[in-house]
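Colleague: Quick one: this structure, given as structure tokens, is what I'll be asking you about.
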Amino acid sequence: MTNKLSIELDPRQIRRRKVLNTLFSATIMILSILSIIPLFLILTHIVKEGFSAIKPEFLVSLPKPVGEPGGGIANALVGTIMLISIATILALPVGIGAGLFLAEHPKSKMGELVRLSVEVLQGIPSIVIGLIVYMICVKPIGNFSALSGGIALAIMMLPFIVRTTEETLKLIPTTLKEASLALGAPYYHTILQVILPAGLNGIITGVLVSIARIAGETAPLLFTAFGNPFMNMNPLKPIATLPHLIFTYAISPYDDWHALAWGAAIILLAFILLLNFGARMVAGKFGMDHSA
Amino acid sequence: MTTTKTFNQRDLIFKKGIALNAIGIVVLLAVIFVTILFSSRESISEFGLGFVFSQNWDPIGLNFGALPFIVGTMLTSILALLISLPFSLAIALLLGEYSPKGKFTGFVRSMIELMAGVPSVIFGFWGLYYLVPHIRNLQMALGILPYGVGIFASSVILAIMIIPYSSSVAREVITMVPRSLKEAAYSLGSTRFEVITKVVLPYARSGIIAGILLSLGRAIGETMAVTMLIGNNNEIPKDIFAPANTMASVIANEFAEAQAGLHMSSLFEIGLLLFIISIVINLIGRLVIHSINKSGGK
Amino acid sequence: MKKMITTAFATIALAAATTFGQTEILGAGATFPYPLYSKMFSVYESLYKTKVNYQSIGSGGGIQQITAKTVDFGATDAFLGDKEEAAMGAKSVHIPTCLGAVVLAYNLPGNPAIKLTPALIADIYLGKITKWNDAKIGAVNKGVKLPGINVVVVRRSDGSGTTSIFTDYLSKVSTEWKDKVGAGKSVEWPTGIGAKGNEGVAGNIKNMPGAIGYTELAYAKKNNMPQALIQNKAGKFIAPSLKSASLAAKSLPLNCKVNLTNTEVADGYPIAGLTWLVIYQDQNYGGRTQAQGAEVVKMIKWMITDGQKYTTPLDYAPLPKNAQVQAFKNLATVKFNGVQLMK
């Protein structure tokens with residue numbers, strides 16, 4: 001290496017190096033553009049195929065029997081909203097609590113164990129979570145239900161909430177906490193009234209992002225929420241969801257159902273985009289607050 | 001005095017409550033592991049270690065083995081990684097090294113983030129009606145059975161799906177390459193290409209490997225898109241166009257109908273294997289990232 | 001936090017209470033009669049306000065879910081074997097609901113009409129015939145221009161009653177099939193790609209030039225897919241239809257648990273079968289109420305009487321008279337604490 005450090009002044013050599021450099025830059029550009037092309041193909045395809053399905057009644061009516069034209073996805077829309085609510089209600093308190101614990105005891109043995117568990121939980125394939133919830137919920141309860149689907153999604157959500165809570169709280173200056181304690185506020189008061197509100201935006205961002213992640217999950221719902229062609233408001237009964245509806249309609253041979261599924265895909269994607277956008281807005285606000 | 005005491009008591013309850021949530025997560029993980037282990041006990045005791053090496057999958061004769069699915073999973077995932085690697089590296093270099101701030105970069109970054117948000121089932125749906133007909137034409141031109149679906153279709157979809165993951169980890173590490181190192185190389189007259197290949201990539205090597213491991217972990221557990229595109233064939237695939245099944249897709253396909261007993265228990269054991277493989281790959285990946293973060297922080 | 005949990009449970013309880021008034025019946029299983037069932041249950045809901053949620057997950061799934069008691073009824077087009085009945089843990093009854101034909105649908109350029117002999121079908125599914133212009137196919141289809149493209153075999157990936165009917169037929173007509181593969185809801189296929197449900201098989205055939213696959217008549221008709229004429233035991237080439245399928249059910253044994261394949265009837269279609277609902281004979285299990293059991297029985301009674309008028313428009317054959325009589329008898333044995341539920 002060392003003896004080659006002297007700069008080559010041969011003009012041909014320099015030209016060769018320059019050409020190589022330009023070629024490489026061009027390759028990087030071309031590959032980058034190529035990698036986002038599939039996204040455009042997907043988006044244009046979905047819009048092309050699904051746009052015709054989205055009429056006002058699409059969002060408020062139920063699917064028609066096989067092979068009859070028309071119908072909508074109201075049942076799946078309600079189902080997705082219900083599952084997300086159940087999952088959030090279950091995962092939020094535990095996730096924030098555990099995140100708080102990690103932020104407060106970052107170096108403890110228990111903290112290490114919890115952190116490891118969170119990482120392992122995050123790595124479990126979604127289909128395996130479906131299997132487990134079937135075993136610990138569906139079988140003991142005795143039937144498929146929105147509740148068990150919600151539990152499966154809650155397990156998937158939990159690691160995200162723990163991590164974002166921990167990371168957000170770590171960013172809050174310790175002086176804030178010390179000031180509160182020094183003023184004689186009790187510990188729980190300090191956490192609930194000072195620390196958590198200070199990190200609220202960050203936590204909300206995390207929750208929105210994690211909802212966006214689970215909203216499109218299908219695999220854990222196959223053996224838990226199960227599907228339902230009717231409107232269902234009972235958490236203890238099986239329920240339809242957007243991603244599951246897309247799956248079952250996608251593999252069917254009926255063109256009407258494909259159109260419904262493409263339409264449902266537009267709605268689902270729009271919902272996820274909205275959540276991500278919302279998360280970014282909140283995060284932006286959080287960043288400003290923090291720097292101010 | 002009394003108020004302070006109640007404050008202290010409340011503090012204690014509060015601290016215990018938080019600790020309980022944290023313990024809850026450890027317990028949840030333990031429950032998950034025990035449940036899946038317990039549910040696979042019949043298959044484990046019946047087939048032992050042979051389960052991993054046997055290619056039988058016979059629900060009537062109740063003889064089960066996971067080899068075709070392990071091979072199917074590895075083949076699709078590794079092929080997907082190979083396909084996606086140049087693309088995700090290019091994106092990582094563009095976002096992390098070339099122009100971390102420009103308008104075009106910002107656009108690419110948002111698009112990649114958007115891609116990460118697209119649900120698996122939508123990738124599968126699109127793959128089935130857009131990608132598969134193209135692959136079928138290719139297969140007809142090559143003169144092989146025009147199934148369309150199979151290992152190759154799944155790998156292409158997986159490759160697209162994992163680009164955001166592998167590129168984001170690689171990008172982070174690339175941005176962490178010390179400026180002084182790069183400046184030293186530039187001042188010696190190196191071109192950007194030389195700086196990247198001789199300074200940036202060697203320095204970021206372990207981060208890139210971590211990114212690859214994390215996306216491998218994701219590809220292995222990916223279910224819906226693969227289930228829709230793999231062709232559901234319980235045999236060891238003979239070539240990369242063959243229809244096959246992965247560990248995740250065979251569970252998705254057969255779990256609802258598996259008879260309690262050996263069939264169901266075998267599916268659980270496949271779930272257990274999938275669980276262990278993804279956890280190990282994930283943990284190694286994260287370990288690498290942690291060690292980079294630590295050394296990078298110094 | 002506690003407050004949150006309490007509110008959560010209160011909301012859930014409230015939602016549960018508001019919808020508990022409505023009965024809901026949950027069923028799962030065969031994809032074969034799904035187009036018919038989805039129509040019947042949609043009508044039934046408008047008539048009686050009872051929601052019947054039917055998920056077409058395959059016959060194997062239907063049997064497994066009723067055995068696990070996670071559904072009110074299972075649906076299957078392969079009647080339960082002794083082992084499967086024993087696994088259910090309590091006595092069950094089979095109630096036939098309709099008759100269907102399994103057709104061999106295909107996708108060829110121009111879609112010419114094609115005749116198939118039993119031997120040809122077995123050879124195709126054994127992977128011995130791989131090109132459409134194979135001389136053996138040509139010998140039966142003189143005058144038909146067959147393309148030189150590959151035969152893409154499509155079959156089911158899930159445990160299926162349709163598969164059971166089809167492989168039962170193949171086992172009857174081909175000793176090689178019987179020895180190498182056998183009959184059942186899922187078998188070790190020598191060739192082809194697997195698709196989920198009758199829906200999936202039909203979908204794959206539709207998308208794949210050169211494909212051939214077995215699927216329920218209704219799926220092939222709805223998707224305008226050509227269906228092969230099949231040579232029956234009497235040597236005649238029979239087009240699948242409601243009429244030719246019904247002919248196969250001319251002689252039914254008393255309990256209706258029978259395969260109708262490879263019929264001796266001269267004009268009968270050789271790959272036909274009944275499809276059944278399976279419920280527990282004693283509806284008092286797993287904390288169920290008598291009302292729930294009565295709802296299930298009432299719904300099934302409607303299916304085998306008034307509901308039958310939806311069969312023909314959807315390309316299923318209605319239950320033959322003798323099968324309907326037997327279905328009634330079976331349903332009459334369903335009880336709750338000794339009380340007969342059929343009214």
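Ordering of the structure tokens sets the chain letters (A, B, ...); residue numbers start at 1 within each chain; ligands are numbered from 1 in the order shown.
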Please return, as a list in words, all residues of chain C lying within 8 Å of chain B when only C-alpha atoms are considered.
Modeller: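 Taken together, these residues fit the definition: Ile57, Gly58, Ser59, Gly60, Gly61, Gly62, Ile63, Gln64, Gln65, Asn150, Val152, Ser157, Asp158, Gly159, Gly184, Ser186, Val187, Glu188, Gly192, Ile193, Gly194, Ala195, Lys196, Asn207 and Met208 of chain C.
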Colleague: If you keep N, CA and C atoms, can you produce a file of those selected residues as a JSON list (two decimals), in the first residue's frame?
Modeller:
[["chain", "number", "residue", "atom", "x", "y", "z"],
["C", 57, "ILE", "N", -62.56, -22.43, 3.84],
["C", 57, "ILE", "CA", -61.15, -22.71, 4.11],
["C", 57, "ILE", "C", -60.77, -24.11, 3.66],
["C", 58, "GLY", "N", -61.67, -24.82, 3.00],
["C", 58, "GLY", "CA", -61.39, -26.19, 2.56],
["C", 58, "GLY", "C", -62.04, -27.21, 3.48],
["C", 59, "SER", "N", -62.39, -28.37, 2.93],
["C", 59, "SER", "CA", -63.08, -29.39, 3.71],
["C", 59, "SER", "C", -62.25, -29.84, 4.91],
["C", 60, "GLY", "N", -60.95, -30.01, 4.69],
["C", 60, "GLY", "CA", -60.08, -30.44, 5.79],
["C", 60, "GLY", "C", -60.18, -29.45, 6.94],
["C", 61, "GLY", "N", -60.16, -28.17, 6.60],
["C", 61, "GLY", "CA", -60.28, -27.13, 7.61],
["C", 61, "GLY", "C", -61.61, -27.20, 8.32],
["C", 62, "GLY", "N", -62.69, -27.46, 7.56],
["C", 62, "GLY", "CA", -64.02, -27.54, 8.15],
["C", 62, "GLY", "C", -64.10, -28.64, 9.19],
["C", 63, "ILE", "N", -63.55, -29.81, 8.83],
["C", 63, "ILE", "CA", -63.59, -30.95, 9.76],
["C", 63, "ILE", "C", -62.75, -30.64, 11.01],
["C", 64, "GLN", "N", -61.57, -30.05, 10.77],
["C", 64, "GLN", "CA", -60.70, -29.73, 11.90],
["C", 64, "GLN", "C", -61.36, -28.71, 12.83],
["C", 65, "GLN", "N", -62.00, -27.68, 12.26],
["C", 65, "GLN", "CA", -62.56, -26.62, 13.10],
["C", 65, "GLN", "C", -63.80, -27.10, 13.86],
["C", 150, "ASN", "N", -46.81, -26.75, -23.05],
["C", 150, "ASN", "CA", -46.76, -27.62, -21.89],
["C", 150, "ASN", "C", -48.12, -27.75, -21.21],
["C", 152, "VAL", "N", -49.86, -27.60, -17.93],
["C", 152, "VAL", "CA", -49.60, -27.11, -16.58],
["C", 152, "VAL", "C", -50.67, -27.68, -15.66],
["C", 157, "SER", "N", -53.79, -27.07, -2.82],
["C", 157, "SER", "CA", -52.71, -27.09, -1.84],
["C", 157, "SER", "C", -53.26, -27.37, -0.45],
["C", 158, "ASP", "N", -54.55, -27.14, -0.27],
["C", 158, "ASP", "CA", -55.15, -27.32, 1.05],
["C", 158, "ASP", "C", -55.92, -28.64, 1.08],
["C", 159, "GLY", "N", -56.25, -29.11, 2.25],
["C", 159, "GLY", "CA", -57.01, -30.34, 2.40],
["C", 159, "GLY", "C", -58.40, -30.12, 1.84],
["C", 184, "GLY", "N", -57.70, -39.17, -1.05],
["C", 184, "GLY", "CA", -57.78, -38.48, 0.23],
["C", 184, "GLY", "C", -57.97, -36.99, 0.03],
["C", 186, "SER", "N", -55.91, -34.66, 1.07],
["C", 186, "SER", "CA", -54.67, -34.13, 0.51],
["C", 186, "SER", "C", -53.76, -35.32, 0.26],
["C", 187, "VAL", "N", -53.14, -35.34, -0.89],
["C", 187, "VAL", "CA", -52.30, -36.48, -1.25],
["C", 187, "VAL", "C", -50.93, -35.95, -1.66],
["C", 188, "GLU", "N", -49.96, -36.85, -1.79],
["C", 188, "GLU", "CA", -48.65, -36.43, -2.26],
["C", 188, "GLU", "C", -48.65, -36.42, -3.77],
["C", 192, "GLY", "N", -47.33, -30.76, -10.65],
["C", 192, "GLY", "CA", -48.24, -29.63, -10.67],
["C", 192, "GLY", "C", -48.01, -28.59, -9.60],
["C", 193, "ILE", "N", -48.79, -27.51, -9.68],
["C", 193, "ILE", "CA", -48.71, -26.49, -8.66],
["C", 193, "ILE", "C", -49.98, -26.50, -7.82],
["C", 194, "GLY", "N", -49.83, -26.14, -6.56],
["C", 194, "GLY", "CA", -50.95, -26.16, -5.63],
["C", 194, "GLY", "C", -51.60, -24.79, -5.55],
["C", 195, "ALA", "N", -52.92, -24.77, -5.48],
["C", 195, "ALA", "CA", -53.63, -23.52, -5.30],
["C", 195, "ALA", "C", -54.61, -23.69, -4.15],
["C", 196, "LYS", "N", -54.91, -22.57, -3.48],
["C", 196, "LYS", "CA", -55.74, -22.63, -2.30],
["C", 196, "LYS", "C", -57.21, -22.55, -2.69],
["C", 207, "ASN", "N", -55.48, -17.81, -15.46],
["C", 207, "ASN", "CA", -54.31, -16.98, -15.76],
["C", 207, "ASN", "C", -53.22, -17.69, -16.54],
["C", 208, "MET", "N", -53.32, -19.03, -16.65],
["C", 208, "MET", "CA", -52.17, -19.76, -17.17],
["C", 208, "MET", "C", -52.47, -20.49, -18.47]]
Colleague: Do a neighbour search on A:His244 at 12 Å with only C-alpha atoms, toss out local chain neighbours closer than 3 positions, and write the hits as a PyMOL selection string.
Modeller: (chain A and resi 73+75-77+79-80+149+215-229+239-241+247-251+261+264-265+268) or (chain B and resi 119-122+125+224) or (chain C and resi 55)
Colleague: Can you pull out every residue from stretch 121-213 of chain C that DSSP, working from the backbone, puts in alpha helix (DSSP H), and format the result as a compact mmCIF listing (two decimals) with C-alpha atoms, in the first residue's frame?
Modeller:
# COMPACT_ATOMS: atom_id res chain seq x y z
CA ILE C 121 -56.63 -37.85 -16.83
CA ALA C 122 -54.54 -40.26 -14.75
CA ASP C 123 -51.54 -39.85 -17.08
CA ILE C 124 -51.78 -36.06 -16.96
CA TYR C 125 -51.94 -36.03 -13.15
CA ALA C 135 -50.30 -38.40 -29.45
CA LYS C 136 -52.41 -39.97 -26.70
CA ILE C 137 -54.56 -36.86 -26.35
CA GLY C 138 -54.71 -36.52 -30.12
CA ALA C 139 -55.99 -40.08 -30.56
CA VAL C 140 -59.13 -39.26 -28.55
CA GLY C 161 -63.14 -32.53 -0.39
CA THR C 162 -62.94 -31.72 -4.08
CA THR C 163 -59.54 -33.40 -4.09
CA SER C 164 -61.07 -36.31 -2.23
CA ILE C 165 -63.77 -36.76 -4.90
CA PHE C 166 -61.23 -36.38 -7.71
CA THR C 167 -58.60 -38.74 -6.27
CA ASP C 168 -61.29 -41.25 -5.33
CA TYR C 169 -62.28 -41.24 -8.99
CA LEU C 170 -58.67 -41.61 -10.18
CA SER C 171 -58.11 -44.49 -7.76
CA LYS C 172 -61.13 -46.26 -9.18
CA VAL C 173 -60.07 -45.88 -12.80
CA THR C 175 -54.48 -48.93 -10.57
CA GLU C 176 -51.23 -47.04 -11.01
CA TRP C 177 -52.78 -43.99 -9.36
CA LYS C 178 -54.20 -46.14 -6.58
CA ASP C 179 -50.81 -47.70 -5.84
CA LYS C 180 -48.66 -44.61 -6.22
CA GLY C 197 -59.41 -23.55 -2.60
CA ASN C 198 -61.56 -24.10 -5.66
CA GLU C 199 -61.20 -20.33 -6.07
CA GLY C 200 -57.45 -20.60 -6.31
CA VAL C 201 -57.50 -23.48 -8.79
CA ALA C 202 -59.98 -21.65 -11.03
CA GLY C 203 -57.94 -18.45 -10.72
CA ASN C 204 -54.74 -20.24 -11.73
CA ILE C 205 -56.31 -21.94 -14.74
CA LYS C 206 -57.72 -18.64 -15.87
CA ASN C 207 -54.31 -16.98 -15.76
Colleague: Using only C-alpha atoms, which chain A residues lie at most 6 Å away from chain C, written as a PyMOL selection string?
Modeller: chain A and resi 65-66+142-143+228+234+251-253
Colleague: Residues of chain B within 6 Å of chain A: nearest atom pair and distance (Å, one decimal) for each, counting only C-alpha atoms, sorted by chain and number, as JSON lines?
Modeller:
{"residue": "B:Asp11", "atom": "CA", "partner": "A:Tyr188", "partner_atom": "CA", "distance": 5.4}
{"residue": "B:Ile18", "atom": "CA", "partner": "A:Gly97", "partner_atom": "CA", "distance": 4.9}
{"residue": "B:Asn21", "atom": "CA", "partner": "A:Ala98", "partner_atom": "CA", "distance": 5.1}
{"residue": "B:Ala22", "atom": "CA", "partner": "A:Ala98", "partner_atom": "CA", "distance": 4.2}
{"residue": "B:Val26", "atom": "CA", "partner": "A:Ser117", "partner_atom": "CA", "distance": 5.7}
{"residue": "B:Phe87", "atom": "CA", "partner": "A:Leu31", "partner_atom": "CA", "distance": 5.4}
{"residue": "B:Ala90", "atom": "CA", "partner": "A:Ile28", "partner_atom": "CA", "distance": 4.8}
{"residue": "B:Ile91", "atom": "CA", "partner": "A:Ser32", "partner_atom": "CA", "distance": 5.2}
{"residue": "B:Pro119", "atom": "CA", "partner": "A:Gly216", "partner_atom": "CA", "distance": 4.8}
{"residue": "B:Phe193", "atom": "CA", "partner": "A:Asn21", "partner_atom": "CA", "distance": 5.0}
{"residue": "B:Gly221", "atom": "CA", "partner": "A:Pro125", "partner_atom": "CA", "distance": 4.7}
{"residue": "B:Gly271", "atom": "CA", "partner": "A:Val128", "partner_atom": "CA", "distance": 5.7}
{"residue": "B:Phe275", "atom": "CA", "partner": "A:Ile124", "partner_atom": "CA", "distance": 5.8}
{"residue": "B:Ile279", "atom": "CA", "partner": "A:Gly123", "partner_atom": "CA", "distance": 5.7}
Colleague: Considering only C-alpha atoms, return as a PDB file with N, CA and C atoms, in the first residue's frame whatever protein or nucleic-acid residues lie within 9 Å of stretch 89-95 of chain C, sequence-local ones (same chain, fewer than 5 positions apart) excluded.
Modeller:
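See around_39.pdb below for the written result:
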ATOM      1  N   THR C  67     -64.169 -30.194  14.815  1.00  0.00           N
ATOM      2  CA  THR C  67     -63.584 -31.070  15.826  1.00  0.00           C
ATOM      3  C   THR C  67     -63.032 -30.242  16.993  1.00  0.00           C
ATOM      4  N   PHE C  79     -67.100 -37.278   3.094  1.00  0.00           N
ATOM      5  CA  PHE C  79     -67.697 -37.617   4.393  1.00  0.00           C
ATOM      6  C   PHE C  79     -66.621 -38.124   5.344  1.00  0.00           C
ATOM      7  N   LEU C  80     -66.878 -37.967   6.638  1.00  0.00           N
ATOM      8  CA  LEU C  80     -65.859 -38.292   7.636  1.00  0.00           C
ATOM      9  C   LEU C  80     -65.613 -39.795   7.716  1.00  0.00           C
ATOM     10  N   ASN C 255     -77.700 -43.881   4.457  1.00  0.00           N
ATOM     11  CA  ASN C 255     -77.083 -42.823   5.261  1.00  0.00           C
ATOM     12  C   ASN C 255     -76.479 -41.703   4.413  1.00  0.00           C
ATOM     13  N   CYS C 256     -76.570 -41.825   3.091  1.00  0.00           N
ATOM     14  CA  CYS C 256     -76.061 -40.801   2.173  1.00  0.00           C
ATOM     15  C   CYS C 256     -74.550 -40.679   2.160  1.00  0.00           C
ATOM     16  N   LYS C 257     -73.867 -41.426   3.013  1.00  0.00           N
ATOM     17  CA  LYS C 257     -72.413 -41.294   3.022  1.00  0.00           C
ATOM     18  C   LYS C 257     -71.843 -42.178   1.927  1.00  0.00           C
ATOM     19  N   THR C 275     -72.233 -32.830  -1.078  1.00  0.00           N
ATOM     20  CA  THR C 275     -71.477 -32.073  -0.095  1.00  0.00           C
ATOM     21  C   THR C 275     -72.309 -31.989   1.178  1.00  0.00           C
ATOM     22  N   TRP C 276     -71.624 -32.035   2.322  1.00  0.00           N
ATOM     23  CA  TRP C 276     -72.331 -32.191   3.592  1.00  0.00           C
ATOM     24  C   TRP C 276     -72.042 -31.063   4.571  1.00  0.00           C
ATOM     25  N   LEU C 277     -72.957 -30.899   5.516  1.00  0.00           N
ATOM     26  CA  LEU C 277     -72.657 -30.139   6.722  1.00  0.00           C
ATOM     27  C   LEU C 277     -72.505 -31.155   7.842  1.00  0.00           C
ATOM     28  N   VAL C 278     -71.599 -30.883   8.756  1.00  0.00           N
ATOM     29  CA  VAL C 278     -71.405 -31.777   9.892  1.00  0.00           C
ATOM     30  C   VAL C 278     -71.623 -30.986  11.177  1.00  0.00           C
ATOM     31  N   ILE C 279     -72.528 -31.479  12.027  1.00  0.00           N
ATOM     32  CA  ILE C 279     -72.735 -30.834  13.327  1.00  0.00           C
ATOM     33  C   ILE C 279     -72.766 -31.912  14.409  1.00  0.00           C
ATOM     34  N   TYR C 280     -72.610 -31.477  15.647  1.00  0.00           N
ATOM     35  CA  TYR C 280     -72.692 -32.425  16.757  1.00  0.00           C
ATOM     36  C   TYR C 280     -74.146 -32.809  16.989  1.00  0.00           C
ATOM     37  N   GLN C 281     -74.349 -34.097  17.285  1.00  0.00           N
ATOM     38  CA  GLN C 281     -75.719 -34.562  17.484  1.00  0.00           C
ATOM     39  C   GLN C 281     -76.307 -33.969  18.761  1.00  0.00           C
ATOM     40  N   ASP C 282     -75.485 -33.908  19.810  1.00  0.00           N
ATOM     41  CA  ASP C 282     -75.936 -33.234  21.022  1.00  0.00           C
ATOM     42  C   ASP C 282     -75.381 -31.819  20.987  1.00  0.00           C
ATOM     43  N   ILE C 300     -80.223 -25.049   8.949  1.00  0.00           N
ATOM     44  CA  ILE C 300     -79.921 -26.189   8.070  1.00  0.00           C
ATOM     45  C   ILE C 300     -81.211 -26.718   7.429  1.00  0.00           C
ATOM     46  N   ILE C 304     -82.040 -27.262   3.333  1.00  0.00           N
ATOM     47  CA  ILE C 304     -82.400 -28.477   2.593  1.00  0.00           C
ATOM     48  C   ILE C 304     -83.853 -28.426   2.086  1.00  0.00           C
ATOM     49  N   GLN C 324     -82.859 -35.915   0.218  1.00  0.00           N
ATOM     50  CA  GLN C 324     -83.526 -34.917   1.057  1.00  0.00           C
ATOM     51  C   GLN C 324     -84.233 -35.583   2.236  1.00  0.00           C
ATOM     52  N   GLN C 326     -83.447 -38.380   3.619  1.00  0.00           N
ATOM     53  CA  GLN C 326     -82.441 -38.832   4.567  1.00  0.00           C
ATOM     54  C   GLN C 326     -81.868 -37.652   5.366  1.00  0.00           C
ATOM     55  N   ALA C 327     -81.682 -36.518   4.691  1.00  0.00           N
ATOM     56  CA  ALA C 327     -81.153 -35.339   5.368  1.00  0.00           C
ATOM     57  C   ALA C 327     -82.083 -34.942   6.513  1.00  0.00           C
ATOM     58  N   PHE C 328     -83.392 -35.015   6.245  1.00  0.00           N
ATOM     59  CA  PHE C 328     -84.380 -34.712   7.277  1.00  0.00           C
ATOM     60  C   PHE C 328     -84.253 -35.636   8.469  1.00  0.00           C
ATOM     61  N   ASN C 330     -81.706 -37.326   9.436  1.00  0.00           N
ATOM     62  CA  ASN C 330     -80.477 -37.060  10.189  1.00  0.00           C
ATOM     63  C   ASN C 330     -80.627 -35.828  11.073  1.00  0.00           C
ATOM     64  N   LEU C 331     -81.227 -34.794  10.502  1.00  0.00           N
ATOM     65  CA  LEU C 331     -81.370 -33.543  11.241  1.00  0.00           C
ATOM     66  C   LEU C 331     -82.295 -33.734  12.445  1.00  0.00           C
ATOM     67  N   THR C 333     -82.395 -36.116  14.417  1.00  0.00           N
ATOM     68  CA  THR C 333     -81.741 -36.750  15.564  1.00  0.00           C
ATOM     69  C   THR C 333     -80.955 -35.748  16.410  1.00  0.00           C
ATOM     70  N   VAL C 334     -80.841 -34.500  15.940  1.00  0.00           N
ATOM     71  CA  VAL C 334     -80.046 -33.511  16.680  1.00  0.00           C
ATOM     72  C   VAL C 334     -80.836 -33.019  17.887  1.00  0.00           C
TER      73      VAL C 334
END
